[in-house]
file structure30.tsv (TSV, C-alpha atoms)
chain	number	residue	atom	x	y	z
A	1	MET	CA	76.83	-122.34	230.98
A	2	GLN	CA	79.26	-122.24	233.90
A	3	THR	CA	79.36	-118.45	233.86
A	4	ARG	CA	75.57	-118.23	233.72
A	5	ARG	CA	75.23	-120.66	236.63
A	6	HIS	CA	77.76	-118.66	238.64
A	7	PHE	CA	75.74	-115.48	238.17
A	8	VAL	CA	72.45	-117.20	238.99
A	9	GLN	CA	73.91	-118.51	242.25
A	10	THR	CA	75.41	-115.13	243.12
A	11	ALA	CA	72.17	-113.32	242.32
A	12	ALA	CA	70.19	-115.73	244.48
A	13	ALA	CA	72.51	-115.17	247.43
A	14	LEU	CA	72.39	-111.40	247.00
A	15	SER	CA	68.63	-111.36	246.71
A	16	ALA	CA	68.25	-113.31	249.92
A	17	ALA	CA	70.58	-110.89	251.73
A	18	ALA	CA	68.90	-107.82	250.28
A	19	LEU	CA	65.42	-109.05	251.23
A	20	ALA	CA	66.42	-109.62	254.85
A	21	PRO	CA	64.96	-106.88	257.09
A	22	PHE	CA	67.25	-104.01	258.01
A	23	PRO	CA	68.21	-104.28	261.69
A	24	ALA	CA	66.51	-101.78	263.95
A	25	LEU	CA	68.85	-99.10	265.28
A	26	ALA	CA	67.97	-96.36	267.74
A	27	ARG	CA	68.68	-93.99	264.87
A	28	PRO	CA	70.81	-94.05	261.72
A	29	LEU	CA	74.27	-92.52	261.79
A	30	GLU	CA	74.62	-89.04	260.34
A	31	GLN	CA	77.38	-90.16	257.97
A	32	VAL	CA	79.86	-92.97	257.45
A	33	LYS	CA	83.52	-92.58	256.50
A	34	ILE	CA	85.02	-95.31	254.29
A	35	LEU	CA	88.80	-95.64	254.45
A	36	TYR	CA	90.50	-96.97	251.32
A	37	GLY	CA	94.22	-97.63	251.12
A	38	PHE	CA	94.87	-97.52	247.37
A	39	PRO	CA	94.83	-94.75	244.73
A	40	ALA	CA	91.70	-92.85	243.77
A	41	GLY	CA	90.27	-93.99	240.44
A	42	SER	CA	91.31	-97.62	240.92
A	43	ALA	CA	88.75	-100.42	240.69
A	44	GLY	CA	88.50	-100.75	244.47
A	45	ASP	CA	88.13	-97.00	244.93
A	46	ILE	CA	85.22	-96.99	242.49
A	47	CYS	CA	83.63	-99.89	244.36
A	48	ALA	CA	83.96	-98.10	247.71
A	49	ARG	CA	82.47	-94.88	246.32
A	50	ARG	CA	79.54	-96.47	244.50
A	51	VAL	CA	78.56	-98.63	247.46
A	52	GLY	CA	79.07	-95.75	249.90
A	53	ASP	CA	76.88	-93.53	247.74
A	54	ARG	CA	73.97	-95.86	248.54
A	55	PHE	CA	74.33	-95.72	252.33
A	56	GLY	CA	72.28	-92.52	252.55
A	57	GLY	CA	68.63	-92.89	253.47
A	58	THR	CA	69.06	-96.38	254.93
A	59	ALA	CA	68.66	-97.68	258.45
A	60	TYR	CA	72.45	-97.47	258.65
A	61	SER	CA	73.10	-93.84	257.65
A	62	LYS	CA	71.13	-90.68	256.95
A	63	ASN	CA	73.67	-89.45	254.38
A	64	ASN	CA	75.82	-91.00	251.69
A	65	GLY	CA	79.15	-92.43	252.79
A	66	ILE	CA	82.33	-90.52	251.98
A	67	VAL	CA	85.61	-92.15	250.94
A	68	ASP	CA	88.76	-91.12	252.79
A	69	THR	CA	91.74	-92.22	250.70
A	70	ARG	CA	94.75	-93.23	252.82
A	71	THR	CA	97.25	-94.60	250.33
A	72	GLY	CA	100.59	-96.10	251.20
A	73	ALA	CA	102.22	-99.23	252.63
A	74	GLY	CA	100.20	-101.50	250.37
A	75	GLY	CA	96.90	-100.64	252.02
A	76	ARG	CA	98.16	-100.99	255.59
A	77	ILE	CA	97.85	-97.31	256.49
A	78	ALA	CA	94.08	-97.34	256.01
A	79	LEU	CA	93.79	-100.33	258.33
A	80	GLU	CA	96.01	-98.67	260.94
A	81	VAL	CA	93.62	-95.69	260.90
A	82	LEU	CA	90.63	-98.03	261.19
A	83	LYS	CA	92.16	-99.78	264.20
A	84	ALA	CA	92.21	-96.47	266.10
A	85	ALA	CA	88.77	-95.30	264.91
A	86	PRO	CA	85.65	-95.19	267.10
A	87	ALA	CA	83.93	-98.58	267.31
A	88	ASP	CA	80.49	-97.14	266.64
A	89	GLY	CA	79.99	-97.98	262.96
A	90	SER	CA	80.83	-94.48	261.75
A	91	VAL	CA	84.16	-95.56	260.20
A	92	LEU	CA	84.68	-98.55	257.91
A	93	ALA	CA	87.56	-99.61	255.69
A	94	MET	CA	87.25	-101.40	252.38
A	95	THR	CA	90.17	-103.61	251.40
A	96	PRO	CA	91.13	-106.62	249.29
A	97	PHE	CA	91.55	-109.77	251.35
A	98	SER	CA	95.32	-109.74	250.77
A	99	CYS	CA	95.80	-107.05	253.45
A	100	LEU	CA	94.26	-109.35	256.08
A	101	SER	CA	95.02	-112.86	254.83
A	102	LEU	CA	98.40	-112.56	253.08
A	103	TYR	CA	100.21	-109.76	254.90
A	104	PRO	CA	100.54	-111.64	258.23
A	105	HIS	CA	102.72	-114.14	256.35
A	106	ILE	CA	104.81	-111.39	254.72
A	107	TYR	CA	105.45	-108.85	257.48
A	108	LYS	CA	107.19	-110.00	260.65
A	109	LYS	CA	105.84	-106.97	262.50
A	110	LEU	CA	102.38	-106.01	261.29
A	111	SER	CA	100.90	-102.94	262.96
A	112	TYR	CA	97.49	-104.58	263.30
A	113	ASP	CA	96.12	-107.99	264.17
A	114	PRO	CA	93.81	-108.95	261.28
A	115	PHE	CA	91.68	-111.17	263.50
A	116	ALA	CA	91.63	-109.26	266.80
A	117	ASP	CA	91.54	-105.60	265.72
A	118	PHE	CA	88.71	-105.71	263.17
A	119	VAL	CA	85.32	-107.24	262.61
A	120	ALA	CA	84.13	-108.35	259.17
A	121	VAL	CA	81.10	-106.43	257.86
A	122	GLY	CA	80.55	-107.78	254.35
A	123	THR	CA	81.99	-108.28	250.89
A	124	ALA	CA	81.03	-106.07	247.97
A	125	SER	CA	82.80	-107.30	244.84
A	126	MET	CA	85.08	-109.96	243.48
A	127	ILE	CA	88.25	-109.67	241.37
A	128	HIS	CA	89.55	-112.21	238.89
A	129	HIS	CA	93.24	-111.77	238.15
A	130	GLY	CA	94.68	-112.33	234.70
A	131	LEU	CA	97.94	-113.17	232.94
A	132	ALA	CA	98.52	-111.06	229.83
A	133	VAL	CA	101.37	-110.74	227.35
A	134	GLY	CA	102.26	-107.97	224.92
A	135	PRO	CA	104.24	-107.49	221.68
A	136	LEU	CA	107.52	-108.62	223.28
A	137	VAL	CA	106.02	-112.13	223.20
A	138	PRO	CA	105.37	-113.66	219.74
A	139	ALA	CA	101.79	-113.85	218.49
A	140	SER	CA	102.16	-117.64	218.34
A	141	VAL	CA	101.99	-117.67	222.16
A	142	LYS	CA	98.28	-118.17	222.81
A	143	THR	CA	98.11	-120.27	226.00
A	144	VAL	CA	99.77	-120.44	229.40
A	145	HIS	CA	101.70	-123.53	228.28
A	146	ASP	CA	102.91	-121.59	225.23
A	147	PHE	CA	104.06	-118.75	227.47
A	148	LEU	CA	106.00	-121.09	229.76
A	149	GLY	CA	107.67	-122.68	226.74
A	150	TRP	CA	108.60	-119.27	225.37
A	151	ALA	CA	109.89	-118.13	228.78
A	152	LYS	CA	112.09	-121.19	229.09
A	153	ALA	CA	113.57	-120.54	225.65
A	154	ASN	CA	114.02	-116.82	226.28
A	155	PRO	CA	115.26	-116.45	229.88
A	156	LYS	CA	116.55	-112.91	229.32
A	157	ASP	CA	113.02	-111.61	228.63
A	158	ALA	CA	111.13	-114.04	230.88
A	159	SER	CA	109.68	-111.59	233.37
A	160	TYR	CA	106.25	-110.57	234.62
A	161	GLY	CA	104.98	-107.49	236.40
A	162	SER	CA	102.54	-107.17	239.28
A	163	PRO	CA	100.90	-104.14	240.91
A	164	ALA	CA	103.04	-104.54	244.04
A	165	ALA	CA	105.52	-106.82	245.75
A	166	GLY	CA	103.59	-109.03	248.14
A	167	SER	CA	100.32	-108.67	246.25
A	168	THR	CA	98.18	-111.63	245.25
A	169	PRO	CA	99.16	-111.23	241.56
A	170	HIS	CA	102.84	-111.31	242.59
A	171	PHE	CA	102.34	-114.74	244.14
A	172	ILE	CA	100.22	-116.07	241.27
A	173	GLY	CA	103.11	-115.33	238.89
A	174	ALA	CA	105.71	-116.70	241.30
A	175	LEU	CA	103.80	-119.96	241.79
A	176	LEU	CA	103.30	-120.30	238.03
A	177	GLY	CA	107.07	-120.27	237.56
A	178	LEU	CA	107.98	-122.36	240.61
A	179	ASN	CA	105.40	-125.08	240.03
A	180	ASN	CA	106.47	-125.51	236.42
A	181	GLN	CA	110.26	-125.20	236.84
A	182	VAL	CA	110.45	-122.03	234.78
A	183	GLU	CA	112.32	-119.00	236.08
A	184	LEU	CA	110.12	-115.91	235.81
A	185	LYS	CA	111.64	-112.67	237.06
A	186	HIS	CA	109.20	-110.56	239.07
A	187	VAL	CA	109.00	-106.81	238.35
A	188	PRO	CA	106.92	-104.97	240.98
A	189	TYR	CA	105.12	-101.75	240.05
A	190	ARG	CA	103.23	-99.10	241.97
A	191	GLY	CA	99.78	-100.17	240.81
A	192	SER	CA	98.58	-101.80	237.61
A	193	VAL	CA	98.66	-98.91	235.16
A	194	PRO	CA	102.45	-98.45	234.71
A	195	GLY	CA	102.95	-102.20	234.32
A	196	VAL	CA	100.20	-102.54	231.73
A	197	THR	CA	101.71	-99.57	229.89
A	198	ASP	CA	105.08	-101.34	229.74
A	199	VAL	CA	103.50	-104.58	228.49
A	200	VAL	CA	101.66	-102.72	225.72
A	201	GLY	CA	104.86	-100.82	224.86
A	202	GLY	CA	106.94	-103.98	224.57
A	203	GLN	CA	109.24	-103.22	227.50
A	204	LEU	CA	107.83	-106.04	229.63
A	205	ALA	CA	106.82	-109.52	228.49
A	206	ALA	CA	103.86	-110.18	230.76
A	207	MET	CA	101.87	-109.03	233.74
A	208	VAL	CA	99.58	-110.52	236.35
A	209	THR	CA	97.03	-108.09	237.77
A	210	PRO	CA	93.24	-107.73	238.15
A	211	HIS	CA	92.06	-108.58	234.68
A	212	GLY	CA	89.78	-105.55	234.46
A	213	ASP	CA	92.93	-103.46	233.99
A	214	PHE	CA	93.74	-105.44	230.82
A	215	ILE	CA	90.34	-105.46	229.15
A	216	PRO	CA	90.48	-102.22	227.06
A	217	ASN	CA	93.90	-103.10	225.61
A	218	HIS	CA	92.91	-106.76	225.15
A	219	LYS	CA	89.85	-105.77	223.12
A	220	ALA	CA	91.96	-103.30	221.12
A	221	GLY	CA	94.48	-106.05	220.29
A	222	LYS	CA	97.35	-104.32	222.08
A	223	LEU	CA	97.92	-107.21	224.50
A	224	ARG	CA	96.55	-110.75	224.94
A	225	ILE	CA	95.01	-112.12	228.10
A	226	LEU	CA	96.12	-115.75	228.24
A	227	ALA	CA	94.21	-116.82	231.37
A	228	THR	CA	92.00	-115.60	234.19
A	229	SER	CA	92.03	-116.86	237.76
A	230	GLY	CA	88.35	-117.45	238.53
A	231	LYS	CA	86.54	-120.73	239.08
A	232	GLN	CA	84.61	-119.95	235.90
A	233	ARG	CA	85.51	-117.79	232.91
A	234	SER	CA	85.19	-114.06	233.35
A	235	PRO	CA	81.90	-112.68	232.01
A	236	PHE	CA	83.88	-109.73	230.64
A	237	VAL	CA	86.27	-111.82	228.49
A	238	PRO	CA	84.42	-115.14	228.09
A	239	GLU	CA	86.69	-116.12	225.21
A	240	VAL	CA	89.65	-116.40	227.61
A	241	PRO	CA	90.03	-119.78	229.39
A	242	THR	CA	90.80	-119.95	233.11
A	243	PHE	CA	94.09	-121.18	234.53
A	244	ALA	CA	92.23	-124.29	235.74
A	245	GLU	CA	90.95	-125.07	232.24
A	246	GLN	CA	94.54	-125.03	231.02
A	247	GLY	CA	95.79	-127.41	233.72
A	248	PHE	CA	96.80	-124.92	236.43
A	249	ALA	CA	94.03	-125.40	239.00
A	250	ASP	CA	96.41	-124.36	241.79
A	251	LEU	CA	96.20	-120.79	240.45
A	252	THR	CA	92.44	-120.48	240.92
A	253	VAL	CA	92.06	-117.26	242.94
A	254	GLU	CA	88.97	-115.12	243.45
A	255	GLU	CA	89.93	-112.11	245.53
A	256	TRP	CA	87.22	-110.00	247.13
A	257	PHE	CA	86.91	-106.42	248.31
A	258	GLY	CA	85.29	-106.33	251.74
A	259	PHE	CA	84.30	-103.84	254.41
A	260	TYR	CA	85.65	-103.99	257.97
A	261	ALA	CA	84.82	-102.11	261.16
A	262	PRO	CA	86.92	-101.69	264.32
A	263	ALA	CA	86.74	-104.52	266.84
A	264	LYS	CA	83.96	-104.13	269.43
A	265	THR	CA	81.63	-102.40	266.97
A	266	PRO	CA	78.10	-103.36	268.12
A	267	ALA	CA	76.62	-106.36	266.30
A	268	SER	CA	73.49	-104.37	265.45
A	269	MET	CA	75.60	-101.75	263.67
A	270	VAL	CA	77.55	-104.40	261.76
A	271	ALA	CA	74.29	-106.01	260.66
A	272	ALA	CA	72.87	-102.65	259.51
A	273	ALA	CA	76.02	-101.91	257.51
A	274	ASN	CA	75.95	-105.39	255.96
A	275	ALA	CA	72.34	-104.93	254.88
A	276	ALA	CA	73.17	-101.55	253.31
A	277	ILE	CA	76.10	-103.06	251.37
A	278	ASN	CA	74.05	-105.96	250.06
A	279	ALA	CA	71.22	-103.64	249.03
A	280	ALA	CA	73.68	-101.32	247.23
A	281	ILE	CA	75.18	-104.05	245.05
A	282	GLN	CA	71.69	-105.04	243.90
A	283	GLU	CA	71.20	-101.65	242.23
A	284	LYS	CA	71.74	-101.59	238.47
A	285	SER	CA	73.74	-98.36	238.50
A	286	VAL	CA	76.17	-99.83	241.03
A	287	VAL	CA	76.45	-103.11	239.11
A	288	ASP	CA	77.13	-101.16	235.90
A	289	SER	CA	79.88	-99.12	237.60
A	290	LEU	CA	81.57	-102.28	238.85
A	291	THR	CA	81.31	-103.95	235.45
A	292	VAL	CA	83.21	-101.10	233.78
A	293	VAL	CA	86.29	-101.90	235.89
A	294	GLY	CA	85.96	-105.69	235.69
A	295	LEU	CA	84.45	-106.29	239.14
A	296	ILE	CA	81.70	-108.80	239.89
A	297	PRO	CA	79.14	-107.90	242.60
A	298	TYR	CA	79.69	-110.30	245.48
A	299	GLY	CA	77.72	-110.03	248.69
A	300	GLY	CA	76.92	-112.21	251.67
A	301	THR	CA	76.90	-112.18	255.44
A	302	ALA	CA	79.57	-110.91	257.81
A	303	ASP	CA	80.13	-114.49	258.95
A	304	ASP	CA	80.71	-115.56	255.33
A	305	MET	CA	83.40	-112.93	254.99
A	306	ALA	CA	85.10	-113.79	258.30
A	307	TYR	CA	85.18	-117.46	257.32
A	308	SER	CA	86.65	-116.64	253.91
A	309	GLN	CA	89.33	-114.43	255.48
A	310	LYS	CA	90.43	-117.29	257.76
A	311	ARG	CA	90.34	-119.83	254.93
A	312	GLU	CA	92.49	-117.63	252.68
A	313	PHE	CA	94.90	-116.97	255.56
A	314	GLU	CA	95.36	-120.72	256.00
A	315	ARG	CA	95.66	-121.34	252.25
A	316	TRP	CA	98.27	-118.68	251.53
A	317	GLY	CA	100.59	-119.31	254.47
A	318	PRO	CA	102.36	-122.36	253.01
A	319	LEU	CA	102.24	-120.92	249.48
A	320	ILE	CA	104.02	-117.72	250.51
A	321	LYS	CA	106.55	-119.80	252.45
A	322	LYS	CA	107.14	-121.86	249.27
A	323	VAL	CA	107.78	-118.68	247.27
A	324	GLY	CA	110.15	-117.53	250.01
A	325	PHE	CA	109.10	-113.88	249.98
A	326	THR	CA	108.99	-111.60	253.02
A	327	ALA	CA	108.91	-107.83	253.31
A	328	GLU	CA	112.61	-107.97	254.11
A	329	SER	CA	113.54	-110.15	251.12

call {"tool": "encode", "arguments": {"input": "structure30.tsv", "output": "structure tokens"}}
result
Amino acid sequence: MQTRRHFVQTAAALSAAALAPFPALARPLEQVKILYGFPAGSAGDICARRVGDRFGGTAYSKNNGIVDTRTGAGGRIALEVLKAAPADGSVLAMTPFSCLSLYPHIYKKLSYDPFADFVAVGTASMIHHGLAVGPLVPASVKTVHDFLGWAKANPKDASYGSPAAGSTPHFIGALLGLNNQVELKHVPYRGSVPGVTDVVGGQLAAMVTPHGDFIPNHKAGKLRILATSGKQRSPFVPEVPTFAEQGFADLTVEEWFGFYAPAKTPASMVAAANAAINAAIQEKSVVDSLTVVGLIPYGGTADDMAYSQKREFERWGPLIKKVGFTAES
């Protein structure tokens, strides 16, 4: 019932945004470039492409958007390019909130100011992260409490992977260990795929990453998702309880992918882009594409996104300080 209610509320919010009139522009842009700072084929890349594909023929753009992949530096390069881009709505960047809300607490010298250099445009999808274990961990381990007990008894193998040092999954795993007095060694990877491969192969005990990257192997019985990080259970693996249900409410994290424009982009252009994003994630073909990679359509206003960015920035500051991680550590 909780999952159904979550979708009803999300659908209602999206419908209201999609039904709002498109802002009047003198004329639509010819084309929009969407910068994305992570590898092609990843969940976020698919989200950027499917949403961008629906920009064409709207009040925002005559033609479909094109994705310009600028990988490297944990997504920072794409935002550096956006900072220097024309502030006319023709260039956007899509990014997880970690690049704006977590990185200022990690990097002493960040090449962009997440609040002064960009303007929020709108969210497109939401990620639930997951904790999964593979064959290195006995089949008797079925819950997060079981995993912590096993890790305490087997310190040599008590490690977890994440898609990158300084990523949200990295800190979820670190807080799980710290808050429960269990030492969990962090193993950073370059993206989710190599870490998931090592979990399935028995070289790594566990991994925390967007749970969509676990789903095929979970359903095939090659690994076991022990928990997901959403407020409600994931609609894609409803049999898996959340961290909160298992007594770890502090690990409730719903990370979004959102679009940003350079600072000083006209408000009318931001509003037109926001309307195009919200309309795109109402389309069944887009929803289906997101579902395949474990993403939940998640729209709203630009103000909603800006508020969420600030709230997450304030939430994660003391948590990252507690973990004691910086880019130099």

call {"tool": "closest_atom_pairs", "arguments": {"input": "structure30.tsv", "of": "stretch 210-229 of chain A", "to": "stretch 293-312 of chain A", "cutoff": "12 Å", "atoms": "only C-alpha atoms", "output": "tab-separated table"}}
result
residue	atom	partner	partner_atom	distance
A:Pro210	CA	A:Gly294	CA	8.0
A:His211	CA	A:Gly294	CA	6.8
A:Gly212	CA	A:Gly294	CA	4.0
A:Asp213	CA	A:Val293	CA	7.1
A:Phe214	CA	A:Gly294	CA	9.2
A:Ile215	CA	A:Gly294	CA	7.9
A:Pro216	CA	A:Val293	CA	9.8
A:Thr228	CA	A:Gly294	CA	11.7

call {"tool": "write_last_selection", "arguments": {"input": "structure30.tsv", "atoms": "C-alpha atoms", "output": "compact mmCIF listing (two decimals), keeping the file's coordinate frame"}}
result
# COMPACT_ATOMS: atom_id res chain seq x y z
CA PRO A 210 93.24 -107.73 238.15
CA HIS A 211 92.06 -108.58 234.68
CA GLY A 212 89.78 -105.55 234.46
CA ASP A 213 92.93 -103.46 233.99
CA PHE A 214 93.74 -105.44 230.82
CA ILE A 215 90.34 -105.46 229.15
CA PRO A 216 90.48 -102.22 227.06
CA THR A 228 92.00 -115.60 234.19

call {"tool": "residues_around", "arguments": {"input": "structure30.tsv", "residues": "stretch 174-186 of chain A", "least_positions_apart": "4", "cutoff": "7 Å", "atoms": "only C-alpha atoms", "output": "list in words"}}
result
Leu148, Lys152, Ala158, Ser159, Tyr160, Gly161, His170 and Val323 of chain A

call {"tool": "residues_near_point", "arguments": {"input": "structure30.tsv", "point": "(73.2, -90.6, 261.5)", "cutoff": "8 Å", "atoms": "all atoms listed in the file", "output": "ChimeraX atom specification"}}
result
/A:27-31,60-63

call {"tool": "write_last_selection", "arguments": {"input": "structure30.tsv", "atoms": "C-alpha atoms", "output": "PDB file, keeping the file's coordinate frame"}}
result
ATOM      1  CA  ARG A  27      68.680 -93.990 264.870  1.00  0.00           C
ATOM      2  CA  PRO A  28      70.810 -94.050 261.720  1.00  0.00           C
ATOM      3  CA  LEU A  29      74.270 -92.520 261.790  1.00  0.00           C
ATOM      4  CA  GLU A  30      74.620 -89.040 260.340  1.00  0.00           C
ATOM      5  CA  GLN A  31      77.380 -90.160 257.970  1.00  0.00           C
ATOM      6  CA  TYR A  60      72.450 -97.470 258.650  1.00  0.00           C
ATOM      7  CA  SER A  61      73.100 -93.840 257.650  1.00  0.00           C
ATOM      8  CA  LYS A  62      71.130 -90.680 256.950  1.00  0.00           C
ATOM      9  CA  ASN A  63      73.670 -89.450 254.380  1.00  0.00           C
TER      10      ASN A  63
END

call {"tool": "closest_atom_pairs", "arguments": {"input": "structure30.tsv", "of": "stretch 231-257 of chain A", "to": "stretch 88-101 of chain A", "cutoff": "7 Å", "atoms": "all atoms listed in the file", "output": "JSON lines"}}
result
{"residue": "A:Glu255", "atom": "CA", "partner": "A:Phe97", "partner_atom": "CA", "distance": 6.5}
{"residue": "A:Trp256", "atom": "CA", "partner": "A:Pro96", "partner_atom": "CA", "distance": 5.6}
{"residue": "A:Phe257", "atom": "CA", "partner": "A:Pro96", "partner_atom": "CA", "distance": 4.3}

call {"tool": "residues_around", "arguments": {"input": "structure30.tsv", "residues": "A:Tyr103", "least_positions_apart": "2", "cutoff": "10 Å", "atoms": "all atoms listed in the file", "output": "list in words"}}
result
Gly74, Arg76, Phe97, Ser98, Cys99, Leu100, Ser101, His105, Ile106, Tyr107, Lys108, Lys109, Leu110, Pro114, Gly166, Ser167, Phe313, Trp316, Gly317, Ile320, Thr326 and Ala327 of chain A

call {"tool": "closest_residue", "arguments": {"input": "structure30.tsv", "among": "A:Leu319, A:Leu251, A:Val196, A:Ala261", "to": "A:Leu102", "atoms": "all atoms listed in the file"}}
result
A:Leu319

call {"tool": "closest_residue", "arguments": {"input": "structure30.tsv", "among": "A:Val32, A:Ala164, A:Val141, A:Ile127", "to": "A:Thr58", "atoms": "only C-alpha atoms"}}
result
A:Val32

call {"tool": "closest_residue", "arguments": {"input": "structure30.tsv", "among": "A:Arg50, A:Lys321, A:Lys33, A:Lys219", "to": "A:Ala78", "atoms": "all atoms listed in the file"}}
result
A:Lys33

call {"tool": "atom_distance", "arguments": {"input": "structure30.tsv", "atom1": "atom CA of A:Met207", "atom2": "atom CA of A:Phe248"}}
result
16.9 Å

call {"tool": "closest_residue", "arguments": {"input": "structure30.tsv", "among": "A:Ile46, A:Ala124, A:Ala73, A:Ala59", "to": "A:Ala280", "atoms": "only C-alpha atoms"}}
result
A:Ala124

call {"tool": "atom_distance", "arguments": {"input": "structure30.tsv", "atom1": "atom CA of A:Val133", "atom2": "atom CA of A:Gly75"}}
result
27.0 Å

call {"tool": "residues_around", "arguments": {"input": "structure30.tsv", "residues": "A:Asn64", "least_positions_apart": "3", "cutoff": "7 Å", "atoms": "all atoms listed in the file", "output": "MDAnalysis selection string"}}
result
chainID A and resid 31 52:56

call {"tool": "closest_residue", "arguments": {"input": "structure30.tsv", "among": "A:Asn278, A:Ser234, A:Thr242, A:Thr209", "to": "A:Gly195", "atoms": "only C-alpha atoms"}}
result
A:Thr209

call {"tool": "atom_distance", "arguments": {"input": "structure30.tsv", "atom1": "atom CA of A:Gly41", "atom2": "atom CA of A:Val270"}}
result
26.9 Å

call {"tool": "closest_residue", "arguments": {"input": "structure30.tsv", "among": "A:Val193, A:Ala132, A:Ala116, A:Leu223", "to": "A:Lys264", "atoms": "only C-alpha atoms"}}
result
A:Ala116

call {"tool": "residues_around", "arguments": {"input": "structure30.tsv", "residues": "A:Val51", "least_positions_apart": "5", "cutoff": "7 Å", "atoms": "all atoms listed in the file", "output": "PyMOL selection string"}}
result
chain A and resi 277+280-281+286

call {"tool": "residues_around", "arguments": {"input": "structure30.tsv", "residues": "A:Ala84", "least_positions_apart": "5", "cutoff": "10 Å", "atoms": "all atoms listed in the file", "output": "count of residues only"}}
result
4

call {"tool": "axis_aligned_box", "arguments": {"input": "structure30.tsv", "around": "stretch 293-305 of chain A", "padding_each_side": "3 Å", "output": "JSON"}}
result
{"center_x": 81.6, "center_y": -108.7, "center_z": 247.3, "size_x": 15.4, "size_y": 19.7, "size_z": 29.3}

call {"tool": "build_atoms", "arguments": {"input": "structure30.tsv", "residues": "stretch 51-56 of chain A", "atoms": "all heavy atoms", "output": "compact mmCIF listing (two decimals), in the coordinates of the input"}}
result
# COMPACT_ATOMS: atom_id res chain seq x y z
N VAL A 51 79.31 -98.00 246.36
CA VAL A 51 78.56 -98.63 247.46
C VAL A 51 78.27 -97.59 248.54
O VAL A 51 77.14 -97.49 249.04
CB VAL A 51 79.35 -99.82 248.05
CG1 VAL A 51 78.67 -100.35 249.31
CG2 VAL A 51 79.45 -100.94 247.01
N GLY A 52 79.28 -96.79 248.89
CA GLY A 52 79.07 -95.75 249.90
C GLY A 52 78.00 -94.75 249.51
O GLY A 52 77.27 -94.24 250.37
N ASP A 53 77.89 -94.46 248.22
CA ASP A 53 76.88 -93.53 247.74
C ASP A 53 75.46 -94.00 248.07
O ASP A 53 74.51 -93.19 248.08
CB ASP A 53 76.98 -93.34 246.22
CG ASP A 53 78.14 -92.44 245.82
OD1 ASP A 53 78.70 -91.75 246.70
OD2 ASP A 53 78.50 -92.44 244.62
N ARG A 54 75.30 -95.29 248.29
CA ARG A 54 73.97 -95.86 248.54
C ARG A 54 73.68 -96.05 250.03
O ARG A 54 72.63 -96.57 250.39
CB ARG A 54 73.82 -97.21 247.82
CG ARG A 54 73.92 -97.09 246.29
CD ARG A 54 72.85 -96.15 245.75
NE ARG A 54 72.88 -96.04 244.31
CZ ARG A 54 73.65 -95.21 243.61
NH1 ARG A 54 74.52 -94.42 244.25
NH2 ARG A 54 73.58 -95.15 242.29
N PHE A 55 74.57 -95.61 250.89
CA PHE A 55 74.33 -95.72 252.33
C PHE A 55 73.27 -94.72 252.80
O PHE A 55 72.56 -94.96 253.76
CB PHE A 55 75.62 -95.47 253.13
CG PHE A 55 76.59 -96.63 253.11
CD1 PHE A 55 77.86 -96.48 253.66
CD2 PHE A 55 76.25 -97.86 252.57
CE1 PHE A 55 78.76 -97.53 253.66
CE2 PHE A 55 77.15 -98.92 252.55
CZ PHE A 55 78.40 -98.75 253.11
N GLY A 56 73.21 -93.56 252.12
CA GLY A 56 72.28 -92.52 252.55
C GLY A 56 70.83 -92.95 252.46
O GLY A 56 70.42 -93.63 251.52
